[in-house]
Amino acid sequence: MQSAAWLLVALPLLGAAVLLLGGRRTDRWGHWFAVALSWASFAVGAAVFVAMLGSPAQERARSVHLFEWVPAGAFTLDAGLLVDQLSMTFVLLVTFVGSLIHVYSVAYMEHDPDRRRFFAYLNFFVAAMLLLVLADSYLLLFVGWEGVGLASYLLIGFWNHNPAYAAAAKKAFLVNRVGDFGMLIAIFAMFAAFGAVDFGTVLGGAGQASEGLLTLIGLMLLLAAAGKSAQFPLQSWLGDAMAGPTPVSALIHAATMVTAGVYLVVRSGPIYEGAPTAQLVVVVVGAITLVYGAVVGMAKDDIKKALAASTMSQIGYMMLAAGLGPVGYVYAIFHLVTHGFFKAGMFLGAGSVMHGMDDQVDMRRFGELAGQMRTTWLTFGAGWLAIIGFPFLSGFWSKDRIIEAAFVGEGWRPWVFGTVTLLTAGLTAFYMSRLFFMTFHGRRRWDPQQHPHESPALMTVPMVVLAIGSVALGGLLVVGGAFTSWLEPAVGYDHEAHPVLPVPVITGLTLLLVAVGTFLAWRQYAASEVPVTAPRGSLATRAARRDLFQDDVNEAVFMRPGQYLTRSLVFVDSRGVDGAVDGVASAVGGVANRLRRLQTGFVRSYAASMLGGVVLVLLMLLVVR
């Protein structure tokens with residue numbers, strides 16, 4: 001069955017091609033065609049998964065050869081897919097959650113005149129993400145990597161008639177190109193060192209490579225991951241990416257693009273295990289992003305941007321775990337899977353709130369929506385409880401495992417990284433509870449002209465399914481160590497690792513911080529009056545509202561110097577190079593213009609000129625003698 005894995009990519013790619021080439025002729029049925037092909041891809045993925053379960057654990061991974069791709073002298077590279085436990089985990093997540101988002105989008109985009117084009121981009125996004133996780137080489141992975149970058153640019157700027165939205169798409173595109181630079185350097189280094197870029201050769205030969213080389217490759221891969229997964233210092237595009245339609249936000253944040261960096265680091269595990277410095281940098285970047293996203297999330301009043309900050313922070317958890325090595329790989333992917341469900345559910349819930357509130361996104365203009373939108377409230381509430389780590393919900397099982405893994409190790413590291421993950425659990429509880437209470441509870445603050453109402457079934461049914469996953473999926477995967485046993489053959493697992501603190505103590509402290517964070521948010525944003533206009537706030541609050549001045553820093557460090565440099569080059573080019581060329585041309589033209597006046601067309605003039613010339617020559621000869 002694994003040999004049919006190419007259908008996973010081909011089916012949504014076919015959908016995108018038909019809708020884009022079919023044009024307006026597909027307007028009436030194109031959206032359902034895209035939905036059907038997305039679900040068909042999930043069906044193929046489920047069939048492959050069932051077939052893999054029937055095989056022994058060590059024989060489940062299989063390479064699928066597609067065609068000869070790059071024949072260049074002694075170097076050849078075949079295009080192929082790697083169907084193993086890691087890639088199949090992503091396949092099931094991307095196709096299932098992605099298909100639910102397709103269904104939701106049918107109603108959400110019902111009145112958009114370009115709905116067909118929107119669904120074509122959605123299908124293309126899913127196909128590119130599936131190629132990224134299924135590729136058996138870094139080069140083919142890069143094709144999928146660029147595919148999701150292109151699709152995100154098209155989707156974020158889908159309503160590009162709004163200049164701000166078009167600028168947001170360009171920003172996402174440009175920042176991601178910085179990360180892509182790192183990916184290209186890493187691929188070039190692999191080729192120079194190993195003479196190949198396929199996973200088998202590179203990861204298999206990492207044990208014999210020098211630490212310096214592996215550190216270079218690891219840092220460049222981290223740069224790529226930081227761009228794609230919105231990690232520090234390349235996170236500036238994520239908040240602005242909310243300009244796209246809300247289903248796009250759900251797709252990018254939950255099931256596809258921003259998780260690609262976590263996949264890349266975990267897939268490249270043997271490289272990082274041979275480069276401890278690069279591995280430590282991954283953990284540090286994850287820890288910084290974890291706190292950064294939480295701080296920004298506490299001050300945002302835009303419901304979608306608050307969720308975006310939450311995504312940044314949660315992926316910080318995943319990256320930190322991925323940098324811990326085999327003790328954290330499984331938990332990074334575990335949290336990625338559960339996060340995919342509750343974050344997608346909350347983004348779709350935010351879209352439902354916007355649907356009922358005339359596209360209002362300011363939470364200070366909400367309040368008391370729980371009684372107006374019961375299904376949205378319940379499903380969003382499931383996601384909220386899951387992400388803060390409420391006992392026995394999905395986030396409790398996955399995030400707490402990362403916190404425990406962060407306390408594993410020797411020296412200062414477990415105390416620093418473990419404390420950071422622990423404290424951020426309390427911050428997460430605060431900012432997510434703030435979001436939930438400001439939206440659904442407290443005194444109503446919306447305009448009397450607005451009439452909040454529940455969304456249609458096409459939107460609420462996917463939200464209900466995701467809410468069920470938010471509640472139960474984590475518990476199901478943790479029973480009997482099912483998820484750990486499933487992933488261990490592909491990514492490894494350290495059975496001997498023990499935290500420096502007893503697990504019950506870590507769990508108790510985490511739950512205490514979660515309770516404190518939730519209570520503080522309830523007291524301030526549910527039990528107290530929420531001002532419709534945001535107060536000026538402290539310096540820290542104002543900084544958090546401005547994303548800790550990340551745009552200002554980028555503008556001062558990169559954009560302005562770049563502008564000055566280009567303006568200087570333009571000046572040198574126009575006044576220097578072009579000026580010199582234009583000056584010579586003007587001189588030649590001036591001489592030619594004067595000489596042209598001698599060409600009058602009158603024979604007597606020419607005869608007079610000749611006579612004058614002869615006289616002049618004779619006079620010169622006389623003078624010389």
# chains A, B, ... in the order shown; residues from 1 in each chain; ligands from 1

$ residues_around --residues "Val491 (chain A)" --least-positions-apart "6" --cutoff "12 Å" --atoms "only C-alpha atoms" --output "PyMOL selection string"
chain A and resi 58+61+84-87+203+263-270+273+322+325-333+483-485

$ residues_around --residues "Glu110 (chain A)" --least-positions-apart "5" --cutoff "12 Å" --atoms "only C-alpha atoms" --output "PyMOL selection string"
chain A and resi 27-28+31-32+103-105+115-116+118-119+355+456+458-459

$ write_last_selection --atoms "N, CA and C atoms" --output "PDB file, in the first residue's frame"
ATOM      1  N   ASP A  27     -16.683  27.323 -11.278  1.00  0.00           N
ATOM      2  CA  ASP A  27     -17.173  28.106 -10.137  1.00  0.00           C
ATOM      3  C   ASP A  27     -18.262  27.379  -9.351  1.00  0.00           C
ATOM      4  N   ARG A  28     -19.134  26.668 -10.036  1.00  0.00           N
ATOM      5  CA  ARG A  28     -20.297  26.077  -9.362  1.00  0.00           C
ATOM      6  C   ARG A  28     -19.936  24.860  -8.536  1.00  0.00           C
ATOM      7  N   HIS A  31     -15.375  24.177  -5.487  1.00  0.00           N
ATOM      8  CA  HIS A  31     -15.073  24.082  -4.055  1.00  0.00           C
ATOM      9  C   HIS A  31     -15.323  22.672  -3.527  1.00  0.00           C
ATOM     10  N   TRP A  32     -16.406  22.054  -4.010  1.00  0.00           N
ATOM     11  CA  TRP A  32     -16.686  20.681  -3.560  1.00  0.00           C
ATOM     12  C   TRP A  32     -15.678  19.707  -4.152  1.00  0.00           C
ATOM     13  N   VAL A 103     -13.908  21.945   4.451  1.00  0.00           N
ATOM     14  CA  VAL A 103     -15.368  21.914   4.619  1.00  0.00           C
ATOM     15  C   VAL A 103     -15.849  23.229   5.229  1.00  0.00           C
ATOM     16  N   TYR A 104     -15.180  23.678   6.263  1.00  0.00           N
ATOM     17  CA  TYR A 104     -15.529  24.942   6.925  1.00  0.00           C
ATOM     18  C   TYR A 104     -15.503  26.095   5.920  1.00  0.00           C
ATOM     19  N   SER A 105     -14.513  26.065   5.026  1.00  0.00           N
ATOM     20  CA  SER A 105     -14.322  27.177   4.094  1.00  0.00           C
ATOM     21  C   SER A 105     -15.448  27.274   3.075  1.00  0.00           C
ATOM     22  N   ARG A 115     -14.055  32.387  -4.803  1.00  0.00           N
ATOM     23  CA  ARG A 115     -13.984  31.197  -3.947  1.00  0.00           C
ATOM     24  C   ARG A 115     -13.250  30.050  -4.640  1.00  0.00           C
ATOM     25  N   ARG A 116     -13.450  29.899  -5.932  1.00  0.00           N
ATOM     26  CA  ARG A 116     -12.767  28.817  -6.672  1.00  0.00           C
ATOM     27  C   ARG A 116     -11.249  28.947  -6.554  1.00  0.00           C
ATOM     28  N   PHE A 118      -9.624  30.453  -4.259  1.00  0.00           N
ATOM     29  CA  PHE A 118      -9.235  30.215  -2.869  1.00  0.00           C
ATOM     30  C   PHE A 118      -9.064  28.714  -2.613  1.00  0.00           C
ATOM     31  N   PHE A 119      -9.988  27.921  -3.123  1.00  0.00           N
ATOM     32  CA  PHE A 119      -9.891  26.475  -2.908  1.00  0.00           C
ATOM     33  C   PHE A 119      -8.733  25.866  -3.700  1.00  0.00           C
ATOM     34  N   HIS A 355     -17.823  35.846  11.962  1.00  0.00           N
ATOM     35  CA  HIS A 355     -19.001  35.658  11.105  1.00  0.00           C
ATOM     36  C   HIS A 355     -20.243  36.228  11.780  1.00  0.00           C
ATOM     37  N   PRO A 456     -23.480  28.571  10.432  1.00  0.00           N
ATOM     38  CA  PRO A 456     -24.168  27.405   9.847  1.00  0.00           C
ATOM     39  C   PRO A 456     -23.443  26.098  10.145  1.00  0.00           C
ATOM     40  N   LEU A 458     -22.136  23.829   8.316  1.00  0.00           N
ATOM     41  CA  LEU A 458     -20.885  23.551   7.601  1.00  0.00           C
ATOM     42  C   LEU A 458     -19.680  24.120   8.335  1.00  0.00           C
ATOM     43  N   MET A 459     -19.913  25.132   9.133  1.00  0.00           N
ATOM     44  CA  MET A 459     -18.812  25.706   9.913  1.00  0.00           C
ATOM     45  C   MET A 459     -18.735  25.067  11.302  1.00  0.00           C
TER      46      MET A 459
END

$ closest_atom_pairs --of "region 464-516 of chain A" --to "region 379-382 of chain A" --cutoff "10 Å" --atoms "only C-alpha atoms" --output "JSON lines"
{"residue": "A:Val464", "atom": "CA", "partner": "A:Thr379", "partner_atom": "CA", "distance": 5.9}
{"residue": "A:Val465", "atom": "CA", "partner": "A:Thr379", "partner_atom": "CA", "distance": 8.8}
{"residue": "A:Leu466", "atom": "CA", "partner": "A:Thr379", "partner_atom": "CA", "distance": 7.8}
{"residue": "A:Ala467", "atom": "CA", "partner": "A:Thr379", "partner_atom": "CA", "distance": 5.1}
{"residue": "A:Ile468", "atom": "CA", "partner": "A:Ala382", "partner_atom": "CA", "distance": 7.9}
{"residue": "A:Gly469", "atom": "CA", "partner": "A:Ala382", "partner_atom": "CA", "distance": 9.2}
{"residue": "A:Ser470", "atom": "CA", "partner": "A:Ala382", "partner_atom": "CA", "distance": 6.3}
{"residue": "A:Val471", "atom": "CA", "partner": "A:Ala382", "partner_atom": "CA", "distance": 6.4}

$ write_last_selection --atoms "all heavy atoms" --output "tab-separated table (two decimals), in the first residue's frame"
chain	number	residue	atom	x	y	z
A	464	VAL	N	-16.83	21.12	15.96
A	464	VAL	CA	-17.18	20.09	16.94
A	464	VAL	C	-16.19	18.92	16.86
A	464	VAL	O	-15.71	18.41	17.88
A	464	VAL	CB	-18.62	19.59	16.70
A	464	VAL	CG1	-18.90	18.35	17.55
A	464	VAL	CG2	-19.61	20.69	17.01
A	465	VAL	N	-15.85	18.50	15.64
A	465	VAL	CA	-14.90	17.38	15.48
A	465	VAL	C	-13.55	17.74	16.08
A	465	VAL	O	-12.93	16.94	16.80
A	465	VAL	CB	-14.76	17.03	13.98
A	465	VAL	CG1	-13.67	15.98	13.79
A	465	VAL	CG2	-16.07	16.55	13.42
A	466	LEU	N	-13.09	18.96	15.82
A	466	LEU	CA	-11.80	19.39	16.37
A	466	LEU	C	-11.86	19.52	17.89
A	466	LEU	O	-10.87	19.25	18.59
A	466	LEU	CB	-11.38	20.72	15.74
A	466	LEU	CG	-11.02	20.64	14.25
A	466	LEU	CD1	-10.92	22.03	13.63
A	466	LEU	CD2	-9.72	19.87	14.06
A	467	ALA	N	-13.01	19.92	18.40
A	467	ALA	CA	-13.16	20.02	19.86
A	467	ALA	C	-13.06	18.64	20.50
A	467	ALA	O	-12.46	18.48	21.57
A	467	ALA	CB	-14.49	20.68	20.20
A	468	ILE	N	-13.66	17.65	19.87
A	468	ILE	CA	-13.56	16.27	20.40
A	468	ILE	C	-12.10	15.84	20.44
A	468	ILE	O	-11.62	15.24	21.40
A	468	ILE	CB	-14.40	15.32	19.54
A	468	ILE	CG1	-15.89	15.66	19.69
A	468	ILE	CG2	-14.16	13.86	19.92
A	468	ILE	CD1	-16.80	14.91	18.73
A	469	GLY	N	-11.37	16.14	19.35
A	469	GLY	CA	-9.94	15.82	19.34
A	469	GLY	C	-9.18	16.58	20.41
A	469	GLY	O	-8.26	16.05	21.04
A	470	SER	N	-9.56	17.85	20.64
A	470	SER	CA	-8.90	18.65	21.67
A	470	SER	C	-9.07	18.03	23.04
A	470	SER	O	-8.19	18.11	23.89
A	470	SER	CB	-9.46	20.08	21.68
A	470	SER	OG	-9.32	20.68	20.42
A	471	VAL	N	-10.21	17.43	23.25
A	471	VAL	CA	-10.48	16.84	24.57
A	471	VAL	C	-9.84	15.46	24.71
A	471	VAL	O	-9.19	15.16	25.72
A	471	VAL	CB	-12.01	16.74	24.77
A	471	VAL	CG1	-12.33	15.95	26.05
A	471	VAL	CG2	-12.62	18.14	24.85

$ residues_around --residues "Pro247 (chain A)" --least-positions-apart "4" --cutoff "12 Å" --atoms "only C-alpha atoms" --output "ChimeraX atom specification"
/A:97-109,118-119,121-122,152,155-156,158,241-243,251-255,304,343-352,354,459,462-463

$ closest_residue --among "A:Leu81, A:Ala10, A:Val248, A:Leu140" --to "Gly157 (chain A)" --atoms "only C-alpha atoms"
A:Val248

$ select_by_dssp --residues "region 127-183 of chain A" --states "alpha helix (DSSP H)" --output "JSON, numbers by chain"
{"A": [127, 128, 129, 130, 131, 132, 133, 134, 138, 139, 140, 141, 142, 143, 144, 145, 146, 147, 148, 149, 150, 151, 152, 153, 154, 155, 156, 163, 164, 165, 166, 167, 168, 169, 170, 171, 172, 173, 174, 175, 176, 177, 178, 179, 180, 181, 182, 183]}

$ closest_atom_pairs --of "region 248-291 of chain A" --to "region 384-405 of chain A" --cutoff "12 Å" --atoms "only C-alpha atoms" --output "CSV"
residue,atom,partner,partner_atom,distance
A:Val283,CA,A:Ala405,CA,11.8
A:Gly286,CA,A:Ile402,CA,11.9
A:Ala287,CA,A:Ile403,CA,11.4

$ closest_residue --among "A:Leu324, A:Gly590, A:Phe194, A:Ser574" --to "Val408 (chain A)" --atoms "only C-alpha atoms"
A:Leu324

$ closest_residue --among "A:Lys228, A:Lys300, A:His161, A:His451" --to "Phe173 (chain A)" --atoms "only C-alpha atoms"
A:Lys228

$ residues_around --residues "Asp180 (chain A)" --least-positions-apart "6" --cutoff "8 Å" --atoms "only C-alpha atoms" --output "ChimeraX atom specification"
/A:223-224,227

$ atom_distance --atom1 "CA of Gly474 (chain A)" --atom2 "CA of Thr338 (chain A)"
6.3 Å

$ residues_around --residues "Ile271 (chain A)" --least-positions-apart "4" --cutoff "7 Å" --atoms "only C-alpha atoms" --output "compact mmCIF listing (two decimals) with N, CA, C and O atoms, in the first residue's frame"
# COMPACT_ATOMS: atom_id res chain seq x y z
N LEU A 203 22.03 11.49 6.75
CA LEU A 203 21.82 11.16 8.16
C LEU A 203 22.60 9.91 8.55
O LEU A 203 23.10 9.80 9.67
N ALA A 206 26.23 11.07 9.10
CA ALA A 206 26.47 12.16 10.06
C ALA A 206 27.41 11.72 11.18
O ALA A 206 28.19 12.54 11.70
N LEU A 214 28.87 19.56 11.04
CA LEU A 214 27.50 19.31 11.51
C LEU A 214 26.93 20.55 12.20
O LEU A 214 25.73 20.83 12.09
N GLY A 218 23.64 22.25 11.04
CA GLY A 218 22.56 22.37 12.04
C GLY A 218 22.09 23.80 12.22
O GLY A 218 20.89 24.06 12.31
N ALA A 275 26.24 17.60 16.85
CA ALA A 275 26.61 19.03 16.95
C ALA A 275 25.95 19.62 18.18
O ALA A 275 24.92 20.30 18.11

$ closest_residue --among "A:Gly179, A:Phe42, A:Phe334, A:Pro245" --to "Glu488 (chain A)" --atoms "only C-alpha atoms"
A:Phe334

$ atom_distance --atom1 "CA of Gly244 (chain A)" --atom2 "CA of Leu20 (chain A)"
19.3 Å

$ select_by_dssp --residues "region 27-246 of chain A" --states "strand (DSSP E or B)" --output "list in words"
Arg62, Ser63, Val64, His65, Leu66, Phe67, Glu68, Trp69, Val70, Pro71, Ala72, Phe75, Thr76, Leu77, Asp78, Ala79, Gly80, Leu81, Leu82, Val83, Ala135, Ser137 and Asp198 of chain A

$ decode --residues "region 445-501 of chain A" --atoms "C-alpha atoms" --output "tab-separated table (two decimals), in the first residue's frame"
chain	number	residue	atom	x	y	z
A	445	ARG	CA	-19.64	45.48	24.73
A	446	TRP	CA	-20.75	45.17	21.14
A	447	ASP	CA	-22.58	47.77	19.06
A	448	PRO	CA	-26.39	47.70	19.48
A	449	GLN	CA	-26.65	47.44	15.70
A	450	GLN	CA	-24.87	44.08	15.75
A	451	HIS	CA	-26.81	40.84	16.13
A	452	PRO	CA	-24.48	37.95	17.10
A	453	HIS	CA	-25.67	34.61	15.82
A	454	GLU	CA	-24.40	31.07	15.51
A	455	SER	CA	-22.68	29.92	12.31
A	456	PRO	CA	-24.17	27.40	9.85
A	457	ALA	CA	-23.62	23.68	10.25
A	458	LEU	CA	-20.88	23.55	7.60
A	459	MET	CA	-18.81	25.71	9.91
A	460	THR	CA	-19.82	24.30	13.29
A	461	VAL	CA	-19.50	20.59	12.46
A	462	PRO	CA	-15.70	20.82	11.78
A	463	MET	CA	-15.39	22.83	14.98
A	464	VAL	CA	-17.18	20.09	16.94
A	465	VAL	CA	-14.90	17.38	15.48
A	466	LEU	CA	-11.80	19.39	16.37
A	467	ALA	CA	-13.16	20.02	19.86
A	468	ILE	CA	-13.56	16.27	20.40
A	469	GLY	CA	-9.94	15.82	19.34
A	470	SER	CA	-8.90	18.65	21.67
A	471	VAL	CA	-10.48	16.84	24.57
A	472	ALA	CA	-9.72	13.19	23.88
A	473	LEU	CA	-6.86	12.78	21.41
A	474	GLY	CA	-4.03	13.30	23.90
A	475	GLY	CA	-5.42	10.75	26.31
A	476	LEU	CA	-5.94	8.20	23.55
A	477	LEU	CA	-2.39	8.55	22.24
A	478	VAL	CA	-0.78	8.31	25.66
A	479	VAL	CA	-2.56	5.09	26.67
A	480	GLY	CA	-0.01	2.31	26.89
A	481	GLY	CA	2.65	4.60	25.46
A	482	ALA	CA	1.00	4.18	22.03
A	483	PHE	CA	2.41	7.33	20.47
A	484	THR	CA	5.90	6.81	21.88
A	485	SER	CA	5.98	3.21	20.62
A	486	TRP	CA	4.77	4.34	17.21
A	487	LEU	CA	7.38	7.08	16.70
A	488	GLU	CA	10.36	5.50	18.46
A	489	PRO	CA	11.64	3.49	15.45
A	490	ALA	CA	11.77	6.68	13.35
A	491	VAL	CA	13.08	9.29	15.81
A	492	GLY	CA	14.42	7.32	18.79
A	493	TYR	CA	13.53	7.68	22.44
A	494	ASP	CA	15.56	7.86	25.66
A	495	HIS	CA	14.02	5.46	28.17
A	496	GLU	CA	16.69	6.22	30.78
A	497	ALA	CA	15.98	9.93	31.06
A	498	HIS	CA	14.74	11.17	34.43
A	499	PRO	CA	13.93	14.79	35.41
A	500	VAL	CA	15.93	16.46	38.17
A	501	LEU	CA	12.64	16.98	40.01
